[in-house]
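Trainee: Contents of run.txt (compact mmCIF, C-alpha atoms):
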```
# COMPACT_ATOMS: atom_id res chain seq x y z
CA ILE W 1 -5.66 -31.08 -10.69
CA ARG W 2 -6.13 -29.67 -14.16
CA PRO W 3 -3.03 -29.12 -16.32
CA HIS W 4 -2.43 -25.51 -17.24
CA ALA W 5 -2.02 -25.16 -20.97
CA GLY W 6 -1.11 -21.48 -20.92
CA ASN W 7 2.13 -21.77 -19.02
CA GLN W 8 4.84 -21.57 -21.65
CA GLU W 9 7.80 -21.16 -19.33
CA ASN W 10 7.43 -24.42 -17.41
CA LYS W 11 6.04 -27.75 -18.46
CA THR W 12 4.29 -28.06 -15.12
CA MET W 13 2.86 -25.42 -12.86
CA SER W 14 3.49 -25.34 -9.16
CA LEU W 15 0.84 -26.97 -7.01
CA LEU W 16 0.07 -23.56 -5.57
CA ASP W 17 -0.68 -22.15 -9.00
CA MET W 18 -2.88 -25.12 -9.86
CA LEU W 19 -4.74 -24.85 -6.58
CA GLN W 20 -5.33 -21.16 -7.22
CA ASP W 21 -6.91 -22.16 -10.53
CA GLN W 22 -9.03 -24.85 -8.90
CA LEU W 23 -10.29 -22.48 -6.22
CA ALA W 24 -11.24 -19.63 -8.53
CA GLY W 25 -14.70 -18.92 -9.89
CA GLY W 26 -17.50 -20.97 -8.41
CA ALA W 27 -15.36 -22.50 -5.68
CA ALA W 28 -14.30 -19.06 -4.48
CA GLU W 29 -17.92 -17.91 -4.53
CA GLN W 30 -18.90 -20.94 -2.45
CA ILE W 31 -16.08 -20.31 0.02
CA GLY W 32 -17.00 -16.63 0.19
CA LYS W 33 -20.56 -17.44 1.24
CA GLN W 34 -19.25 -19.55 4.11
CA MET W 35 -16.82 -16.79 5.10
CA GLY W 36 -19.42 -14.04 4.86
CA THR W 37 -17.71 -12.24 2.00
CA ASP W 38 -18.03 -12.03 -1.77
CA GLN W 39 -16.14 -13.96 -4.43
CA ALA W 40 -13.46 -11.29 -4.78
CA GLY W 41 -12.85 -11.23 -1.04
CA ALA W 42 -12.66 -15.01 -0.92
CA GLN W 43 -10.15 -15.15 -3.77
CA LYS W 44 -7.99 -12.58 -2.02
CA ALA W 45 -8.10 -14.64 1.18
CA ILE W 46 -7.35 -17.86 -0.66
CA GLY W 47 -4.41 -16.16 -2.37
CA ALA W 48 -2.90 -15.30 1.01
CA ALA W 49 -3.85 -18.45 2.93
CA LEU W 50 -2.70 -21.07 0.42
CA PRO W 51 0.95 -19.92 0.44
CA ALA W 52 0.93 -19.86 4.26
CA LEU W 53 -0.32 -23.44 4.45
CA MET W 54 2.13 -24.68 1.83
CA ALA W 55 4.99 -22.83 3.53
CA ALA W 56 4.15 -24.53 6.82
CA LEU W 57 4.18 -27.98 5.23
CA ALA W 58 7.40 -27.16 3.36
CA GLY W 59 9.01 -26.03 6.61
CA ASN W 60 8.02 -29.27 8.31
CA ALA W 61 9.33 -31.33 5.41
CA LYS W 62 12.81 -29.78 5.72
CA ARG W 63 13.39 -32.19 8.57
CA PRO W 64 13.78 -35.82 7.42
CA GLU W 65 11.44 -37.04 10.16
CA GLY W 66 8.86 -34.44 9.24
CA ALA W 67 9.03 -35.35 5.56
CA ALA W 68 8.65 -39.05 6.40
CA SER W 69 5.64 -38.40 8.61
CA LEU W 70 4.04 -36.24 5.96
CA ALA W 71 4.62 -38.91 3.30
CA GLN W 72 2.93 -41.49 5.53
CA ALA W 73 -0.01 -39.18 6.13
CA LEU W 74 -0.45 -38.59 2.41
CA ASP W 75 -0.35 -42.32 1.66
CA LYS W 76 -2.85 -43.14 4.38
CA LYS W 77 -5.46 -40.40 4.15
CA HIS W 78 -4.92 -37.94 1.32
CA ASP W 79 -5.15 -39.51 -2.14
CA GLY W 80 -6.39 -36.38 -3.89
CA SER W 81 -10.00 -37.51 -4.26
CA VAL W 82 -11.11 -34.34 -2.47
CA LEU W 83 -10.16 -32.48 -5.66
CA ASP W 84 -12.63 -34.48 -7.74
CA ASP W 85 -15.65 -32.88 -6.10
CA LEU W 86 -14.64 -29.58 -4.55
CA PRO W 87 -18.22 -28.20 -4.51
CA GLY W 88 -19.38 -31.25 -2.60
CA PHE W 89 -16.51 -31.06 -0.15
CA LEU W 90 -17.01 -27.35 0.47
CA SER W 91 -20.76 -27.70 0.87
CA ARG W 92 -20.38 -30.26 3.66
CA GLY W 93 -18.61 -27.71 5.83
CA ASP W 94 -16.77 -30.46 7.72
CA THR W 95 -13.71 -28.86 9.30
CA LYS W 96 -12.62 -31.70 11.60
CA ASP W 97 -10.00 -33.01 9.21
CA GLY W 98 -8.75 -29.53 8.41
CA LEU W 99 -8.46 -28.56 12.06
CA GLY W 100 -6.37 -31.66 12.70
CA ILE W 101 -4.05 -30.79 9.82
CA LEU W 102 -3.67 -27.21 11.04
CA LYS W 103 -2.87 -28.34 14.56
CA HIS W 104 0.13 -30.28 13.35
CA ALA W 105 1.17 -28.01 10.48
CA LEU W 106 0.92 -24.67 12.26
CA GLY W 107 0.78 -25.56 15.95
CA GLY W 108 1.02 -22.51 18.15
CA ARG W 109 1.47 -20.26 15.14
CA GLN W 110 -2.07 -20.71 13.88
CA PRO W 111 -3.48 -17.54 15.53
CA ALA W 112 -0.56 -15.50 14.20
CA VAL W 113 -1.12 -16.85 10.69
CA GLU W 114 -4.83 -16.07 10.90
CA THR W 115 -4.04 -12.53 12.03
CA GLU W 116 -1.46 -11.99 9.28
CA VAL W 117 -3.73 -13.32 6.52
CA ALA W 118 -6.54 -11.12 7.84
CA LYS W 119 -4.21 -8.11 7.79
CA GLN W 120 -3.10 -8.86 4.24
CA THR W 121 -6.69 -9.19 3.00
CA GLY W 122 -8.60 -6.75 5.19
CA LEU W 123 -10.98 -9.53 6.25
CA ASP W 124 -12.12 -10.48 9.74
CA PRO W 125 -9.69 -12.89 11.48
CA LYS W 126 -12.71 -15.02 12.41
CA ALA W 127 -13.47 -15.47 8.73
CA ILE W 128 -9.87 -16.51 8.09
CA ALA W 129 -10.09 -18.94 11.01
CA GLY W 130 -12.96 -20.58 9.16
CA LEU W 131 -11.15 -20.57 5.84
CA LEU W 132 -7.94 -22.33 6.87
CA PRO W 133 -9.56 -25.65 7.85
CA MET W 134 -11.44 -25.63 4.55
CA LEU W 135 -8.22 -25.23 2.59
CA ALA W 136 -5.94 -27.58 4.57
CA PRO W 137 -7.45 -30.88 3.29
CA ILE W 138 -7.41 -29.50 -0.25
CA VAL W 139 -3.69 -28.71 0.01
CA MET W 140 -2.99 -32.15 1.47
CA GLY W 141 -5.07 -33.76 -1.27
CA ALA W 142 -3.07 -31.96 -3.94
CA LEU W 143 0.19 -33.10 -2.36
CA GLY W 144 -1.09 -36.67 -2.05
CA ARG W 145 -2.16 -36.82 -5.67
CA GLN W 146 1.16 -35.39 -6.82
CA LYS W 147 3.07 -37.89 -4.71
CA LYS W 148 1.07 -40.80 -6.10
CA GLN W 149 1.09 -39.70 -9.75
CA GLN W 150 4.82 -38.97 -9.80
CA GLY W 151 5.84 -41.84 -7.53
CA LEU W 152 7.65 -39.50 -5.17
CA ASP W 153 9.69 -41.01 -2.35
CA VAL W 154 10.31 -39.08 0.86
CA GLY W 155 13.34 -37.25 -0.51
CA ALA W 156 11.59 -36.26 -3.72
CA LEU W 157 8.55 -35.12 -1.76
CA ALA W 158 10.73 -32.90 0.43
CA SER W 159 12.46 -31.49 -2.66
CA MET W 160 9.15 -30.73 -4.34
CA LEU W 161 7.88 -29.03 -1.20
CA SER W 162 11.02 -26.92 -1.01
CA GLY W 163 10.16 -25.55 -4.43
CA GLU W 164 6.57 -24.97 -3.35
CA GLY W 165 7.84 -23.06 -0.32
CA GLN W 166 9.82 -20.74 -2.55
CA ARG W 167 6.78 -20.29 -4.78
CA ALA W 168 4.77 -19.41 -1.66
CA LYS W 169 7.13 -16.51 -0.98
CA GLU W 170 6.75 -15.30 -4.56
CA MET W 171 2.97 -15.49 -4.40
CA ALA W 172 2.64 -13.61 -1.10
CA PRO W 173 5.49 -11.08 -0.97
CA GLY W 174 3.56 -8.94 1.48
CA ALA W 175 3.72 -11.73 4.04
CA LEU W 176 7.42 -12.53 3.75
CA GLY W 177 7.95 -12.34 7.51
CA MET W 178 5.24 -14.86 8.20
CA LEU W 179 6.29 -17.19 5.38
CA GLY W 180 9.95 -16.93 6.33
CA GLY W 181 9.08 -18.08 9.84
CA LEU W 182 7.03 -20.98 8.54
CA LEU W 183 9.91 -22.04 6.32
CA ASP W 184 12.49 -21.68 9.12
CA ASP W 185 15.31 -24.20 8.64
CA GLU W 186 16.08 -24.33 12.32
CA GLY W 187 12.60 -25.31 13.32
CA ASP W 188 12.41 -22.72 16.08
CA GLY W 189 8.81 -21.93 15.43
CA LEU W 190 6.60 -24.66 14.13
CA ASP W 191 4.99 -26.54 16.97
CA ALA W 192 7.90 -25.69 19.26
CA GLY W 193 5.60 -25.17 22.20
CA ASP W 194 3.24 -27.98 21.34
CA ILE W 195 5.46 -30.84 20.26
CA ALA W 196 8.36 -31.60 22.56
CA ASP W 197 10.10 -34.09 20.31
CA ALA W 198 9.82 -32.60 16.83
CA GLY W 199 11.84 -35.41 15.28
CA LYS W 200 9.38 -38.11 16.31
CA LYS W 201 6.11 -36.24 16.58
CA LEU W 202 6.17 -33.44 14.01
CA LEU W 203 3.19 -34.22 11.77
CA GLY W 204 2.80 -37.57 13.51
CA GLY W 205 -0.67 -36.65 14.58
CA PHE W 206 -1.81 -36.82 10.97
CA LEU W 207 -1.76 -40.58 11.31
CA LYS W 208 -4.03 -41.10 14.27
CA ASN W 209 -7.19 -39.91 15.94
CA ARG W 210 -8.34 -37.67 13.10
```
Give the structure from the file, written as structure tokens.

Mentor:
Amino acid sequence: IRPHAGNQENKTMSLLDMLQDQLAGGAAEQIGKQMGTDQAGAQKAIGAALPALMAALAGNAKRPEGAASLAQALDKKHDGSVLDDLPGFLSRGDTKDGLGILKHALGGRQPAVETEVAKQTGLDPKAIAGLLPMLAPIVMGALGRQKKQQGLDVGALASMLSGEGQRAKEMAPGALGMLGGLLDDEGDGLDAGDIADAGKKLLGGFLKNR
């Protein structure tokens, strides 16, 4: 992830801000072609979808077991190399990894997130359904690289994600209801219908059969 020299208020940008930078310009144009929209439409969709994905991961990481499972997943499969060749990754159109991430990050809320992002952007929900699995491995790669570069343990990873969750709310104020649900402390929403034992299985699927 490129450092952002223009940010004078903070020494480091949030991951969300850096990802927005990475996915602007040519990357957004490339994503737009796959979504069936133009670069401006793609950037609008990315700007709504990225906070939703980060909020979901931040919500999962509020539980110690979820944070531990996420840390293991990052160590095993997401070292950040996806960020080194975004055009190549996007051109392959391989959504298998992304769909697996979404299944465990959003669970039964995925259709609702797709609908909300579509509503916020005015784009077809089917286009958003194609966008999310493109973005999910990129978000995980950014988290994995940050974890490795900063030597974050599970607690520090959870703390960093908490900050990213708050940044997600700032970036997408029009979707506060959706983001608030994804960041729910009580865990009433994420994967509640899909994962019976959230403590043991939340995000556990990242580690196998993907």

Trainee: Which residue out of W:Lys169, W:Lys33, W:Arg63, W:Lys76 has the minimum interatomic distance to W:Arg145 when all atoms listed in the file are used?

Mentor: W:Lys76

Trainee: Using all atoms listed in the file, which residue out of W:Ala156, W:Met13, W:Leu135, W:Leu161 lies closest to W:Ala55?

Mentor: W:Leu161

Trainee: In Å to one decimal, how far is atom CA of W:Ser159 from atom CA of W:Ala68?

Mentor: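 Pair atom CA of W:Ala68 / atom CA of W:Ser159 returns 12.4 Å.
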
Trainee: I'd like to know which of W:Ala48, W:Leu102, W:Ile31, W:Ala42 is closest to W:Pro137, using all atoms listed in the file.

Mentor: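 Counting all atoms listed in the file, the residue closest to W:Pro137 is W:Leu102.
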
Trainee: Go ahead and compute the interatomic distance for atom CA of W:Thr121 and atom CA of W:Leu99, in Å to one decimal.

Mentor: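 Atom-to-atom, atom CA of W:Thr121 to atom CA of W:Leu99, that is 21.5 Å.
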
Trainee: Atom CA of W:Val117 to atom CA of W:Asp21: how many Å, to one decimal?

Mentor: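 For atom CA of W:Val117 relative to atom CA of W:Asp21, the distance reads 19.5 Å.
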
Trainee: Can you work out which one of W:Gly181, W:Gly163, W:Gly32, W:Gly41 has the shortest atom-to-atom distance to W:Ser91, counting only C-alpha atoms?

Mentor: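 Checking each of W:Gly181, W:Gly163, W:Gly32, W:Gly41 against W:Ser91, counting only C-alpha atoms, the winner is W:Gly32.
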
Trainee: Calculated over only C-alpha atoms, which of the candidates W:Ala71, W:Ala45, W:Leu86, W:Met18 has the smallest distance to W:Gly130?

Mentor: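 When distances to W:Gly130 are compared using only C-alpha atoms, the smallest one comes from W:Ala45.
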
Trainee: Which protein, DNA or RNA residues have an atom at most 12 Å from (-8.6, -35.1, 9.1), counting all atoms listed in the file? List them as an NGL selection string.

Mentor: :W and (73-74 or 76-78 or 82 or 94-104 or 133-138 or 140-141 or 205-210)

Trainee: Find the residues near W:Leu15: any atom within 8 Å, counting all atoms listed in the file, skip ones fewer than 6 places away on the same chain, and give them as a ChimeraX atom specification.

Mentor: /W:142-143,164

Trainee: Hey, can you pull every residue with an atom no more than 7 Å from (4.8, -21.7, 6.2), using only C-alpha atoms, and send it as a PyMOL selection string?

Mentor: chain W and resi 52-59+179+181-183

Trainee: Nearest to W:Pro125: which of W:Ala172, W:Ala28, W:Ser69, W:Ala112 is it, counting only C-alpha atoms?

Mentor: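 Checking each of W:Ala172, W:Ala28, W:Ser69, W:Ala112 against W:Pro125, counting only C-alpha atoms, the winner is W:Ala112.
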